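In what follows, a single structure is set out as structure tokens and then discussed.
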Amino acid sequence: MSQKPFGFRVTHSDHAARRGTIETPHGDVQTPAFMPVGTRGALKAVTHRDVMDVGAEIVLANAYHLHLRPGDELIARAGGLHAFIGWPRPILTDSGGYQVFSLAARRKITEAGVEFRSHIDGALSALSPETATDIQARLGSDIAMVLDECIGNENRGSRVEDRSSSPANFGPRTSNLGTRSAMERSVRWAKRARTRMLQLRQDPSSAAGVAVTNPGQAQFGIIQGGTDPGLRTESVQATVEIGFEAYAIGGLSVGEPPAVMYDIVARTAPQLPADRPRYLMGTGMPDDLIECVARGVDLFDCVLPTRNARNGQLLTQHGVIVIKNARYAEDPRPPDPACGCYTCRSFSLAYLRHLYASQEMTAATLLSVHNLYFYLDLMRRIRDAIGFGSFEKLRHEFHQTFSRRQCST
Ligand SMILES: [Zn+2]
């Protein structure tokens, strides 16, 4: 494995939108980039070959799931996550915090960290800023995230399924006081996570029991502060002062209306260092991606393309195709004639509807391939447009045709 350190170069700018390259020990990532989510070291219903074919240069894996099963120590003994899952390209791991706050039962949060019971077998477990760093060091992802305190998790647990209907549910689930205290604790935890990371880097032998499988691993800090611009600014200042390879904007896409999210991103992104990538966590719909690129974001992840595919929804330029709809029973057209994916080049809506209605596993595969291609192709078009200085034109044209609603034809 090469020991190319983490790096980031911005090659083109178009207003606030940036085109660049993230360098990692497992290769480069062209930005703006979308990371498909491979929760347990696999994207659901598709193979790594499919993921490469649609053009994904980086995937996200969930530290919480891999820590509980099969275990990060087992993965370290196998040579790290890249070797264990057979994915040679870059990987980002989340800290596990989000899953603890959304999945695990009987959480107990203290200054030390969070205690919880596994959603698999109820076993008592704990996560601290230090152990979340250690787990990711064993996994050997190219980018590790700090443990943060997630708030508003009543929304977070269902943030994607309920996305379209969520604005009605949006409300002050957490008081401003709660948002402030979670933001301040996240900063204290970030400092501890960074101290642990530097300790692992400088003297791996000092951290007994932690087999560091990717010495070139980068660590990102996370900006919190909910929808309060003042708290966001405080979080940026304190987190940037600690000093990370890059910074993520967390705690959005939790049910707030898109306009609120766009506003917080527009205010937060420019305060982050211009020479570091900016990662917006857990977002979102295709129009969210284009709008947040326009506000200076470089990196995204979301389960939406794969989860919607398994629920029988194809995302296209013109709206959502609900494949079970009877109107497709004898429709010989591909889902999107303009799409270059394997599914659209090979199969009719009628056949895909039949597979879905028959509960054939292939339905999930073919629908996921299309949705992933749609997302990755959109990011390619965004990058090209920024390179040519025509991003605003692409943005305008995209909104002319894209709809979150069901296709009418
Ligand atoms: Zn397609």
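Labels for the structure tokens follow display order: chains A, B, ..., residues from 1 in each chain, ligands from 1.
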
Open item on the list: Taking the DSSP secondary structure from the backbone, can you list the residues of segment 224-259 of chain A that are alpha helix (DSSP H), as a VMD selection string?
Closed with: chain A and resid 229 to 242 258 to 259

For N, CA and C atoms, I'd like the residues from the last selection saved as a compact mmCIF listing (two decimals), in the first residue's frame.
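And here is the file that came out, part-v4.txt:
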```txt
# COMPACT_ATOMS: atom_id res chain seq x y z
N PRO A 229 -27.49 29.69 13.49
CA PRO A 229 -26.25 30.15 12.83
C PRO A 229 -25.16 30.55 13.82
N GLY A 230 -25.56 31.13 14.95
CA GLY A 230 -24.56 31.55 15.94
C GLY A 230 -23.83 30.36 16.54
N LEU A 231 -24.61 29.30 16.87
CA LEU A 231 -23.98 28.09 17.42
C LEU A 231 -23.08 27.43 16.37
N ARG A 232 -23.52 27.45 15.11
CA ARG A 232 -22.70 26.89 14.02
C ARG A 232 -21.35 27.61 13.95
N THR A 233 -21.39 28.94 14.04
CA THR A 233 -20.15 29.72 13.96
C THR A 233 -19.23 29.38 15.13
N GLU A 234 -19.81 29.28 16.33
CA GLU A 234 -18.99 28.90 17.49
C GLU A 234 -18.38 27.52 17.29
N SER A 235 -19.19 26.58 16.73
CA SER A 235 -18.70 25.23 16.51
C SER A 235 -17.57 25.22 15.49
N VAL A 236 -17.71 26.02 14.42
CA VAL A 236 -16.65 26.10 13.40
C VAL A 236 -15.36 26.59 14.05
N GLN A 237 -15.47 27.68 14.81
CA GLN A 237 -14.25 28.27 15.38
C GLN A 237 -13.54 27.29 16.31
N ALA A 238 -14.32 26.64 17.17
CA ALA A 238 -13.70 25.73 18.15
C ALA A 238 -13.15 24.47 17.47
N THR A 239 -13.86 23.97 16.46
CA THR A 239 -13.43 22.72 15.82
C THR A 239 -12.22 22.95 14.92
N VAL A 240 -12.23 24.08 14.20
CA VAL A 240 -11.08 24.40 13.33
C VAL A 240 -9.84 24.67 14.18
N GLU A 241 -10.05 25.24 15.37
CA GLU A 241 -8.92 25.50 16.26
C GLU A 241 -8.24 24.20 16.70
N ILE A 242 -9.05 23.14 16.89
CA ILE A 242 -8.45 21.83 17.24
C ILE A 242 -7.56 21.37 16.08
N PRO A 258 -35.85 21.89 3.36
CA PRO A 258 -34.63 22.12 2.56
C PRO A 258 -34.12 23.56 2.65
N ALA A 259 -35.02 24.53 2.64
CA ALA A 259 -34.57 25.93 2.66
C ALA A 259 -33.77 26.24 3.93
```

TODO: Tell me, as a VMD selection string, which residues lie within 8 Å of Gly284 of chain A, counting only C-alpha atoms; anything in the same chain fewer than 6 positions away does not count.
DONE: chain A and resid 160 253 300 to 302 304

Could those selected residues go to a file with N, CA and C atoms, as a PDB file, in the first residue's frame?
```
ATOM      1  N   VAL A 160     -34.490   9.555   6.227  1.00  0.00           N
ATOM      2  CA  VAL A 160     -34.601   9.437   4.785  1.00  0.00           C
ATOM      3  C   VAL A 160     -35.999   9.010   4.345  1.00  0.00           C
ATOM      4  N   SER A 253     -30.264  17.557   7.530  1.00  0.00           N
ATOM      5  CA  SER A 253     -31.031  16.455   6.924  1.00  0.00           C
ATOM      6  C   SER A 253     -31.684  15.622   8.013  1.00  0.00           C
ATOM      7  N   PHE A 300     -20.541  14.239  -0.196  1.00  0.00           N
ATOM      8  CA  PHE A 300     -21.878  13.881   0.292  1.00  0.00           C
ATOM      9  C   PHE A 300     -21.958  12.373   0.510  1.00  0.00           C
ATOM     10  N   ASP A 301     -22.903  11.958   1.371  1.00  0.00           N
ATOM     11  CA  ASP A 301     -23.274  10.548   1.454  1.00  0.00           C
ATOM     12  C   ASP A 301     -24.770  10.485   1.731  1.00  0.00           C
ATOM     13  N   CYS A 302     -25.390   9.393   1.314  1.00  0.00           N
ATOM     14  CA  CYS A 302     -26.796   9.192   1.648  1.00  0.00           C
ATOM     15  C   CYS A 302     -27.210   7.769   1.273  1.00  0.00           C
ATOM     16  N   LEU A 304     -30.150   7.134   0.406  1.00  0.00           N
ATOM     17  CA  LEU A 304     -31.366   7.308  -0.382  1.00  0.00           C
ATOM     18  C   LEU A 304     -31.391   6.534  -1.713  1.00  0.00           C
TER      19      LEU A 304
END
```

For ligand 1, return the neighbouring residues as a PDB file with N, CA and C atoms, in the first residue's frame (distance at most 12 Å; only C-alpha atoms and all ligand atoms).
```
ATOM      1  N   VAL A  54     -20.633   2.045 -11.841  1.00  0.00           N
ATOM      2  CA  VAL A  54     -21.371   3.310 -11.864  1.00  0.00           C
ATOM      3  C   VAL A  54     -20.453   4.501 -11.586  1.00  0.00           C
ATOM      4  N   PRO A 305     -30.353   6.603  -2.559  1.00  0.00           N
ATOM      5  CA  PRO A 305     -30.467   5.894  -3.841  1.00  0.00           C
ATOM      6  C   PRO A 305     -30.661   4.389  -3.682  1.00  0.00           C
ATOM      7  N   ALA A 309     -34.383   2.375  -4.031  1.00  0.00           N
ATOM      8  CA  ALA A 309     -34.428   1.298  -5.028  1.00  0.00           C
ATOM      9  C   ALA A 309     -35.074   0.055  -4.430  1.00  0.00           C
ATOM     10  N   LEU A 314     -37.461   4.467  -8.587  1.00  0.00           N
ATOM     11  CA  LEU A 314     -36.355   4.877  -9.450  1.00  0.00           C
ATOM     12  C   LEU A 314     -36.338   6.399  -9.517  1.00  0.00           C
ATOM     13  N   LEU A 315     -35.165   6.984  -9.257  1.00  0.00           N
ATOM     14  CA  LEU A 315     -35.034   8.438  -9.346  1.00  0.00           C
ATOM     15  C   LEU A 315     -34.546   8.785 -10.739  1.00  0.00           C
ATOM     16  N   THR A 316     -35.254   9.686 -11.399  1.00  0.00           N
ATOM     17  CA  THR A 316     -34.827  10.114 -12.725  1.00  0.00           C
ATOM     18  C   THR A 316     -34.866  11.630 -12.797  1.00  0.00           C
ATOM     19  N   GLN A 317     -34.327  12.125 -13.882  1.00  0.00           N
ATOM     20  CA  GLN A 317     -34.303  13.554 -14.167  1.00  0.00           C
ATOM     21  C   GLN A 317     -35.702  14.174 -14.079  1.00  0.00           C
ATOM     22  N   ILE A 321     -40.055   7.225 -10.427  1.00  0.00           N
ATOM     23  CA  ILE A 321     -40.850   6.142 -11.001  1.00  0.00           C
ATOM     24  C   ILE A 321     -41.139   5.142  -9.893  1.00  0.00           C
ATOM     25  N   ARG A 333     -40.628   0.726 -22.602  1.00  0.00           N
ATOM     26  CA  ARG A 333     -39.539   1.715 -22.534  1.00  0.00           C
ATOM     27  C   ARG A 333     -38.599   1.431 -21.355  1.00  0.00           C
ATOM     28  N   PRO A 334     -37.355   1.877 -21.468  1.00  0.00           N
ATOM     29  CA  PRO A 334     -36.471   1.812 -20.288  1.00  0.00           C
ATOM     30  C   PRO A 334     -36.921   2.866 -19.286  1.00  0.00           C
ATOM     31  N   PRO A 335     -36.486   2.763 -18.007  1.00  0.00           N
ATOM     32  CA  PRO A 335     -36.888   3.773 -17.016  1.00  0.00           C
ATOM     33  C   PRO A 335     -36.555   5.191 -17.475  1.00  0.00           C
ATOM     34  N   ASP A 336     -35.343   5.391 -18.009  1.00  0.00           N
ATOM     35  CA  ASP A 336     -34.947   6.714 -18.488  1.00  0.00           C
ATOM     36  C   ASP A 336     -34.148   6.534 -19.773  1.00  0.00           C
ATOM     37  N   PRO A 337     -34.752   6.882 -20.928  1.00  0.00           N
ATOM     38  CA  PRO A 337     -34.076   6.660 -22.216  1.00  0.00           C
ATOM     39  C   PRO A 337     -32.731   7.379 -22.296  1.00  0.00           C
ATOM     40  N   ALA A 338     -32.563   8.453 -21.525  1.00  0.00           N
ATOM     41  CA  ALA A 338     -31.317   9.222 -21.592  1.00  0.00           C
ATOM     42  C   ALA A 338     -30.234   8.658 -20.671  1.00  0.00           C
ATOM     43  N   CYS A 339     -30.592   7.662 -19.825  1.00  0.00           N
ATOM     44  CA  CYS A 339     -29.645   7.143 -18.832  1.00  0.00           C
ATOM     45  C   CYS A 339     -28.752   6.074 -19.449  1.00  0.00           C
ATOM     46  N   GLY A 340     -27.463   6.118 -19.117  1.00  0.00           N
ATOM     47  CA  GLY A 340     -26.506   5.162 -19.671  1.00  0.00           C
ATOM     48  C   GLY A 340     -26.256   3.953 -18.791  1.00  0.00           C
ATOM     49  N   CYS A 341     -27.055   3.742 -17.759  1.00  0.00           N
ATOM     50  CA  CYS A 341     -26.768   2.641 -16.829  1.00  0.00           C
ATOM     51  C   CYS A 341     -27.135   1.288 -17.446  1.00  0.00           C
ATOM     52  N   TYR A 342     -26.608   0.235 -16.877  1.00  0.00           N
ATOM     53  CA  TYR A 342     -26.859  -1.133 -17.361  1.00  0.00           C
ATOM     54  C   TYR A 342     -28.350  -1.437 -17.390  1.00  0.00           C
ATOM     55  N   THR A 343     -29.069  -1.021 -16.357  1.00  0.00           N
ATOM     56  CA  THR A 343     -30.502  -1.313 -16.264  1.00  0.00           C
ATOM     57  C   THR A 343     -31.272  -0.632 -17.396  1.00  0.00           C
ATOM     58  N   CYS A 344     -31.014   0.649 -17.609  1.00  0.00           N
ATOM     59  CA  CYS A 344     -31.750   1.387 -18.643  1.00  0.00           C
ATOM     60  C   CYS A 344     -31.343   0.955 -20.053  1.00  0.00           C
ATOM     61  N   ARG A 345     -30.101   0.500 -20.202  1.00  0.00           N
ATOM     62  CA  ARG A 345     -29.662   0.049 -21.526  1.00  0.00           C
ATOM     63  C   ARG A 345     -30.216  -1.334 -21.852  1.00  0.00           C
ATOM     64  N   SER A 346     -30.680  -2.078 -20.821  1.00  0.00           N
ATOM     65  CA  SER A 346     -31.008  -3.493 -21.045  1.00  0.00           C
ATOM     66  C   SER A 346     -32.461  -3.870 -20.830  1.00  0.00           C
ATOM     67  N   PHE A 347     -33.200  -3.142 -19.991  1.00  0.00           N
ATOM     68  CA  PHE A 347     -34.494  -3.678 -19.547  1.00  0.00           C
ATOM     69  C   PHE A 347     -35.640  -2.676 -19.660  1.00  0.00           C
ATOM     70  N   SER A 348     -36.818  -3.234 -19.825  1.00  0.00           N
ATOM     71  CA  SER A 348     -38.033  -2.412 -19.928  1.00  0.00           C
ATOM     72  C   SER A 348     -38.642  -2.184 -18.547  1.00  0.00           C
ATOM     73  N   LEU A 349     -39.454  -1.152 -18.474  1.00  0.00           N
ATOM     74  CA  LEU A 349     -40.219  -0.914 -17.253  1.00  0.00           C
ATOM     75  C   LEU A 349     -41.100  -2.116 -16.932  1.00  0.00           C
ATOM     76  N   LEU A 352     -38.980  -4.816 -15.270  1.00  0.00           N
ATOM     77  CA  LEU A 352     -38.565  -4.410 -13.923  1.00  0.00           C
ATOM     78  C   LEU A 352     -39.754  -4.470 -12.965  1.00  0.00           C
ATOM     79  N   THR A 365     -31.387  -5.215  -7.168  1.00  0.00           N
ATOM     80  CA  THR A 365     -30.084  -4.985  -7.806  1.00  0.00           C
ATOM     81  C   THR A 365     -30.214  -4.003  -8.969  1.00  0.00           C
ATOM     82  N   LEU A 366     -31.161  -4.278  -9.867  1.00  0.00           N
ATOM     83  CA  LEU A 366     -31.270  -3.457 -11.077  1.00  0.00           C
ATOM     84  C   LEU A 366     -31.749  -2.039 -10.761  1.00  0.00           C
ATOM     85  N   LEU A 367     -32.644  -1.914  -9.799  1.00  0.00           N
ATOM     86  CA  LEU A 367     -33.107  -0.575  -9.426  1.00  0.00           C
ATOM     87  C   LEU A 367     -31.996   0.203  -8.709  1.00  0.00           C
ATOM     88  N   SER A 368     -31.224  -0.502  -7.876  1.00  0.00           N
ATOM     89  CA  SER A 368     -30.098   0.151  -7.176  1.00  0.00           C
ATOM     90  C   SER A 368     -29.036   0.613  -8.169  1.00  0.00           C
ATOM     91  N   VAL A 369     -28.757  -0.219  -9.180  1.00  0.00           N
ATOM     92  CA  VAL A 369     -27.754   0.162 -10.191  1.00  0.00           C
ATOM     93  C   VAL A 369     -28.177   1.453 -10.876  1.00  0.00           C
ATOM     94  N   HIS A 370     -29.458   1.537 -11.219  1.00  0.00           N
ATOM     95  CA  HIS A 370     -29.917   2.778 -11.876  1.00  0.00           C
ATOM     96  C   HIS A 370     -29.787   3.991 -10.940  1.00  0.00           C
ATOM     97  N   ASN A 371     -30.306   3.858  -9.718  1.00  0.00           N
ATOM     98  CA  ASN A 371     -30.282   5.020  -8.817  1.00  0.00           C
ATOM     99  C   ASN A 371     -28.860   5.476  -8.510  1.00  0.00           C
ATOM    100  N   LEU A 372     -27.963   4.505  -8.303  1.00  0.00           N
ATOM    101  CA  LEU A 372     -26.568   4.876  -8.034  1.00  0.00           C
ATOM    102  C   LEU A 372     -25.961   5.581  -9.240  1.00  0.00           C
ATOM    103  N   TYR A 373     -26.245   5.035 -10.437  1.00  0.00           N
ATOM    104  CA  TYR A 373     -25.717   5.657 -11.656  1.00  0.00           C
ATOM    105  C   TYR A 373     -26.237   7.083 -11.788  1.00  0.00           C
ATOM    106  N   PHE A 374     -27.520   7.250 -11.490  1.00  0.00           N
ATOM    107  CA  PHE A 374     -28.126   8.589 -11.590  1.00  0.00           C
ATOM    108  C   PHE A 374     -27.392   9.582 -10.681  1.00  0.00           C
ATOM    109  N   TYR A 375     -27.113   9.165  -9.453  1.00  0.00           N
ATOM    110  CA  TYR A 375     -26.402  10.039  -8.517  1.00  0.00           C
ATOM    111  C   TYR A 375     -24.959  10.310  -8.974  1.00  0.00           C
ATOM    112  N   LEU A 376     -24.254   9.230  -9.329  1.00  0.00           N
ATOM    113  CA  LEU A 376     -22.847   9.391  -9.698  1.00  0.00           C
ATOM    114  C   LEU A 376     -22.702  10.168 -10.998  1.00  0.00           C
ATOM    115  N   ASP A 377     -23.655   9.963 -11.931  1.00  0.00           N
ATOM    116  CA  ASP A 377     -23.619  10.690 -13.195  1.00  0.00           C
ATOM    117  C   ASP A 377     -23.911  12.180 -12.971  1.00  0.00           C
ATOM    118  N   LEU A 378     -24.821  12.470 -12.050  1.00  0.00           N
ATOM    119  CA  LEU A 378     -25.102  13.867 -11.713  1.00  0.00           C
ATOM    120  C   LEU A 378     -23.834  14.538 -11.176  1.00  0.00           C
TER     121      LEU A 378
END
```

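Put simply, atom CA of Phe244 of chain A is 21.3 Å away from atom CA of Ala112 of chain A.
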
Task: Polymer residues at most 7 Å from segment 187-202 of chain A, only C-alpha atoms, same-chain spacing of 5 or more positions, as a VMD selection string - done: chain A and resid 129 to 130 133 146 to 148 207 215 221 238 to 239 242

How would the residues just chosen look if you wrote them out with N, CA and C atoms as a JSON list (two decimals), in the first residue's frame?
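Just written: selection_36.json:
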```json
[["chain", "number", "residue", "atom", "x", "y", "z"],
["A", 129, "PRO", "N", -14.96, 9.07, 22.67],
["A", 129, "PRO", "CA", -14.19, 9.68, 21.58],
["A", 129, "PRO", "C", -12.93, 8.88, 21.27],
["A", 130, "GLU", "N", -12.32, 8.30, 22.32],
["A", 130, "GLU", "CA", -11.09, 7.54, 22.12],
["A", 130, "GLU", "C", -11.37, 6.18, 21.46],
["A", 133, "THR", "N", -12.25, 6.37, 17.86],
["A", 133, "THR", "CA", -11.03, 6.59, 17.06],
["A", 133, "THR", "C", -10.27, 5.28, 16.88],
["A", 146, "VAL", "N", -14.88, 11.93, 13.79],
["A", 146, "VAL", "CA", -14.89, 12.02, 15.25],
["A", 146, "VAL", "C", -16.27, 11.64, 15.78],
["A", 147, "LEU", "N", -16.31, 11.18, 17.03],
["A", 147, "LEU", "CA", -17.59, 10.92, 17.69],
["A", 147, "LEU", "C", -18.21, 12.27, 18.08],
["A", 148, "ASP", "N", -19.46, 12.46, 17.69],
["A", 148, "ASP", "CA", -20.15, 13.69, 18.10],
["A", 148, "ASP", "C", -21.46, 13.32, 18.78],
["A", 207, "ALA", "N", -0.36, 2.71, 22.22],
["A", 207, "ALA", "CA", -1.78, 2.41, 22.33],
["A", 207, "ALA", "C", -1.97, 0.90, 22.24],
["A", 215, "PRO", "N", -1.91, 3.68, 8.21],
["A", 215, "PRO", "CA", -1.22, 4.80, 8.86],
["A", 215, "PRO", "C", -1.51, 6.14, 8.19],
["A", 221, "GLY", "N", -13.21, 16.55, 11.56],
["A", 221, "GLY", "CA", -14.04, 17.08, 12.64],
["A", 221, "GLY", "C", -15.45, 17.34, 12.12],
["A", 238, "ALA", "N", -14.32, 26.64, 17.17],
["A", 238, "ALA", "CA", -13.70, 25.73, 18.15],
["A", 238, "ALA", "C", -13.15, 24.47, 17.47],
["A", 239, "THR", "N", -13.86, 23.97, 16.46],
["A", 239, "THR", "CA", -13.43, 22.72, 15.82],
["A", 239, "THR", "C", -12.22, 22.95, 14.92],
["A", 242, "ILE", "N", -9.05, 23.14, 16.89],
["A", 242, "ILE", "CA", -8.45, 21.83, 17.24],
["A", 242, "ILE", "C", -7.56, 21.37, 16.08]]
```

Task: Selection: 8 Å around Ala266 of chain A, only C-alpha atoms, excl. self and same-chain fewer than 5 positions, as a PyMOL selection string - done: chain A and resi 292+295-296

Output N, CA and C atoms for every residue in the selection just made, as a PDB file, in the first residue's frame.
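again28.pdb, freshly written:
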```pdb
ATOM      1  N   CYS A 292     -26.305  22.293  -2.598  1.00  0.00           N
ATOM      2  CA  CYS A 292     -25.235  22.394  -1.593  1.00  0.00           C
ATOM      3  C   CYS A 292     -23.857  22.481  -2.242  1.00  0.00           C
ATOM      4  N   ARG A 295     -23.246  25.931  -2.722  1.00  0.00           N
ATOM      5  CA  ARG A 295     -22.906  26.633  -1.479  1.00  0.00           C
ATOM      6  C   ARG A 295     -21.547  26.205  -0.933  1.00  0.00           C
ATOM      7  N   GLY A 296     -20.780  25.448  -1.745  1.00  0.00           N
ATOM      8  CA  GLY A 296     -19.396  25.170  -1.381  1.00  0.00           C
ATOM      9  C   GLY A 296     -19.111  23.822  -0.758  1.00  0.00           C
TER      10      GLY A 296
END
```

Residue list (strand (DSSP E or B), DSSP) for segment 132-364 of chain A, as a PDB file with N, CA and C atoms, in the first residue's frame:
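Result written to out-v5.pdb:
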```
ATOM      1  N   ILE A 143     -10.670   7.834   5.625  1.00  0.00           N
ATOM      2  CA  ILE A 143     -11.158   8.993   6.364  1.00  0.00           C
ATOM      3  C   ILE A 143     -11.960   8.500   7.560  1.00  0.00           C
ATOM      4  N   ALA A 144     -11.570   8.939   8.758  1.00  0.00           N
ATOM      5  CA  ALA A 144     -12.280   8.600   9.986  1.00  0.00           C
ATOM      6  C   ALA A 144     -13.010   9.845  10.475  1.00  0.00           C
ATOM      7  N   MET A 145     -14.142   9.626  11.131  1.00  0.00           N
ATOM      8  CA  MET A 145     -14.917  10.748  11.669  1.00  0.00           C
ATOM      9  C   MET A 145     -14.821  10.740  13.190  1.00  0.00           C
ATOM     10  N   ALA A 218      -6.916   9.822   7.515  1.00  0.00           N
ATOM     11  CA  ALA A 218      -7.226  11.203   7.888  1.00  0.00           C
ATOM     12  C   ALA A 218      -8.384  11.201   8.869  1.00  0.00           C
ATOM     13  N   GLN A 219      -8.513  12.288   9.608  1.00  0.00           N
ATOM     14  CA  GLN A 219      -9.620  12.418  10.574  1.00  0.00           C
ATOM     15  C   GLN A 219     -10.332  13.749  10.342  1.00  0.00           C
ATOM     16  N   PHE A 220     -11.656  13.663  10.216  1.00  0.00           N
ATOM     17  CA  PHE A 220     -12.471  14.865   9.990  1.00  0.00           C
ATOM     18  C   PHE A 220     -13.183  15.260  11.277  1.00  0.00           C
ATOM     19  N   GLY A 221     -13.209  16.554  11.559  1.00  0.00           N
ATOM     20  CA  GLY A 221     -14.035  17.081  12.636  1.00  0.00           C
ATOM     21  C   GLY A 221     -15.445  17.343  12.121  1.00  0.00           C
ATOM     22  N   ILE A 222     -16.394  17.480  13.036  1.00  0.00           N
ATOM     23  CA  ILE A 222     -17.799  17.667  12.644  1.00  0.00           C
ATOM     24  C   ILE A 222     -18.360  18.936  13.288  1.00  0.00           C
ATOM     25  N   ILE A 223     -18.937  19.790  12.441  1.00  0.00           N
ATOM     26  CA  ILE A 223     -19.565  21.026  12.915  1.00  0.00           C
ATOM     27  C   ILE A 223     -21.000  20.722  13.328  1.00  0.00           C
ATOM     28  N   ALA A 246      -9.912  17.760   7.624  1.00  0.00           N
ATOM     29  CA  ALA A 246     -11.039  18.407   6.961  1.00  0.00           C
ATOM     30  C   ALA A 246     -12.215  18.440   7.928  1.00  0.00           C
ATOM     31  N   TYR A 247     -13.323  19.027   7.456  1.00  0.00           N
ATOM     32  CA  TYR A 247     -14.462  19.272   8.341  1.00  0.00           C
ATOM     33  C   TYR A 247     -15.771  18.875   7.674  1.00  0.00           C
ATOM     34  N   ALA A 248     -16.665  18.324   8.507  1.00  0.00           N
ATOM     35  CA  ALA A 248     -17.990  17.936   8.035  1.00  0.00           C
ATOM     36  C   ALA A 248     -19.032  18.828   8.689  1.00  0.00           C
ATOM     37  N   ILE A 249     -20.132  19.020   7.996  1.00  0.00           N
ATOM     38  CA  ILE A 249     -21.293  19.700   8.569  1.00  0.00           C
ATOM     39  C   ILE A 249     -22.273  18.602   8.950  1.00  0.00           C
ATOM     40  N   ARG A 278     -15.066  19.960   2.284  1.00  0.00           N
ATOM     41  CA  ARG A 278     -16.225  20.155   3.171  1.00  0.00           C
ATOM     42  C   ARG A 278     -17.228  19.056   2.877  1.00  0.00           C
ATOM     43  N   TYR A 279     -17.633  18.360   3.933  1.00  0.00           N
ATOM     44  CA  TYR A 279     -18.474  17.163   3.789  1.00  0.00           C
ATOM     45  C   TYR A 279     -19.808  17.415   4.477  1.00  0.00           C
ATOM     46  N   LEU A 280     -20.880  17.330   3.712  1.00  0.00           N
ATOM     47  CA  LEU A 280     -22.223  17.481   4.279  1.00  0.00           C
ATOM     48  C   LEU A 280     -22.783  16.086   4.536  1.00  0.00           C
ATOM     49  N   THR A 283     -26.841  13.672   3.326  1.00  0.00           N
ATOM     50  CA  THR A 283     -27.704  14.397   2.373  1.00  0.00           C
ATOM     51  C   THR A 283     -27.424  13.881   0.972  1.00  0.00           C
ATOM     52  N   LEU A 299     -18.380  17.003  -0.586  1.00  0.00           N
ATOM     53  CA  LEU A 299     -18.529  15.574  -0.336  1.00  0.00           C
ATOM     54  C   LEU A 299     -19.894  15.306   0.298  1.00  0.00           C
ATOM     55  N   PHE A 300     -20.541  14.239  -0.196  1.00  0.00           N
ATOM     56  CA  PHE A 300     -21.878  13.881   0.292  1.00  0.00           C
ATOM     57  C   PHE A 300     -21.958  12.373   0.510  1.00  0.00           C
ATOM     58  N   ASP A 301     -22.903  11.958   1.371  1.00  0.00           N
ATOM     59  CA  ASP A 301     -23.274  10.548   1.454  1.00  0.00           C
ATOM     60  C   ASP A 301     -24.770  10.485   1.731  1.00  0.00           C
ATOM     61  N   CYS A 302     -25.390   9.393   1.314  1.00  0.00           N
ATOM     62  CA  CYS A 302     -26.796   9.192   1.648  1.00  0.00           C
ATOM     63  C   CYS A 302     -27.210   7.769   1.273  1.00  0.00           C
ATOM     64  N   GLN A 313     -38.482   2.429  -5.959  1.00  0.00           N
ATOM     65  CA  GLN A 313     -38.502   3.775  -6.530  1.00  0.00           C
ATOM     66  C   GLN A 313     -37.240   4.055  -7.333  1.00  0.00           C
ATOM     67  N   LEU A 314     -37.461   4.467  -8.587  1.00  0.00           N
ATOM     68  CA  LEU A 314     -36.355   4.877  -9.450  1.00  0.00           C
ATOM     69  C   LEU A 314     -36.338   6.399  -9.517  1.00  0.00           C
ATOM     70  N   LEU A 315     -35.165   6.984  -9.257  1.00  0.00           N
ATOM     71  CA  LEU A 315     -35.034   8.438  -9.346  1.00  0.00           C
ATOM     72  C   LEU A 315     -34.546   8.785 -10.739  1.00  0.00           C
ATOM     73  N   THR A 316     -35.254   9.686 -11.399  1.00  0.00           N
ATOM     74  CA  THR A 316     -34.827  10.114 -12.725  1.00  0.00           C
ATOM     75  C   THR A 316     -34.866  11.630 -12.797  1.00  0.00           C
ATOM     76  N   GLY A 319     -38.446  12.899 -12.400  1.00  0.00           N
ATOM     77  CA  GLY A 319     -39.266  12.570 -11.244  1.00  0.00           C
ATOM     78  C   GLY A 319     -39.057  11.122 -10.827  1.00  0.00           C
ATOM     79  N   VAL A 320     -39.872  10.691  -9.889  1.00  0.00           N
ATOM     80  CA  VAL A 320     -39.716   9.359  -9.301  1.00  0.00           C
ATOM     81  C   VAL A 320     -40.635   8.365 -10.017  1.00  0.00           C
ATOM     82  N   ILE A 321     -40.055   7.225 -10.427  1.00  0.00           N
ATOM     83  CA  ILE A 321     -40.850   6.142 -11.001  1.00  0.00           C
ATOM     84  C   ILE A 321     -41.139   5.142  -9.893  1.00  0.00           C
ATOM     85  N   VAL A 322     -42.415   4.948  -9.581  1.00  0.00           N
ATOM     86  CA  VAL A 322     -42.825   3.922  -8.620  1.00  0.00           C
ATOM     87  C   VAL A 322     -43.132   2.672  -9.426  1.00  0.00           C
TER      88      VAL A 322
END
```

Open item on the list: If I take atom CA of Phe402 of chain A and atom CA of Glu330 of chain A, how far is one from the other in Å, to one decimal?
Closed with: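 For atom CA of Phe402 of chain A relative to atom CA of Glu330 of chain A, the distance reads 25.1 Å.
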
Shell of 7 Å around Phe391 of chain A, only C-alpha atoms, local chain residues under 5 positions omitted, as a PDB file with N, CA and C atoms, in the first residue's frame:
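The result, written out as part-v4.pdb:
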```pdb
ATOM      1  N   ASP A  14     -16.375  28.000  -9.362  1.00  0.00           N
ATOM      2  CA  ASP A  14     -17.423  28.696 -10.119  1.00  0.00           C
ATOM      3  C   ASP A  14     -18.359  29.269  -9.058  1.00  0.00           C
ATOM      4  N   ILE A 382     -21.871  17.709 -12.685  1.00  0.00           N
ATOM      5  CA  ILE A 382     -21.566  18.873 -11.843  1.00  0.00           C
ATOM      6  C   ILE A 382     -20.076  19.224 -11.947  1.00  0.00           C
ATOM      7  N   ALA A 385     -19.247  20.698 -15.310  1.00  0.00           N
ATOM      8  CA  ALA A 385     -19.783  22.055 -15.456  1.00  0.00           C
ATOM      9  C   ALA A 385     -18.931  23.064 -14.680  1.00  0.00           C
ATOM     10  N   ILE A 386     -18.500  22.694 -13.474  1.00  0.00           N
ATOM     11  CA  ILE A 386     -17.641  23.613 -12.702  1.00  0.00           C
ATOM     12  C   ILE A 386     -16.338  23.847 -13.472  1.00  0.00           C
TER      13      ILE A 386
END
```
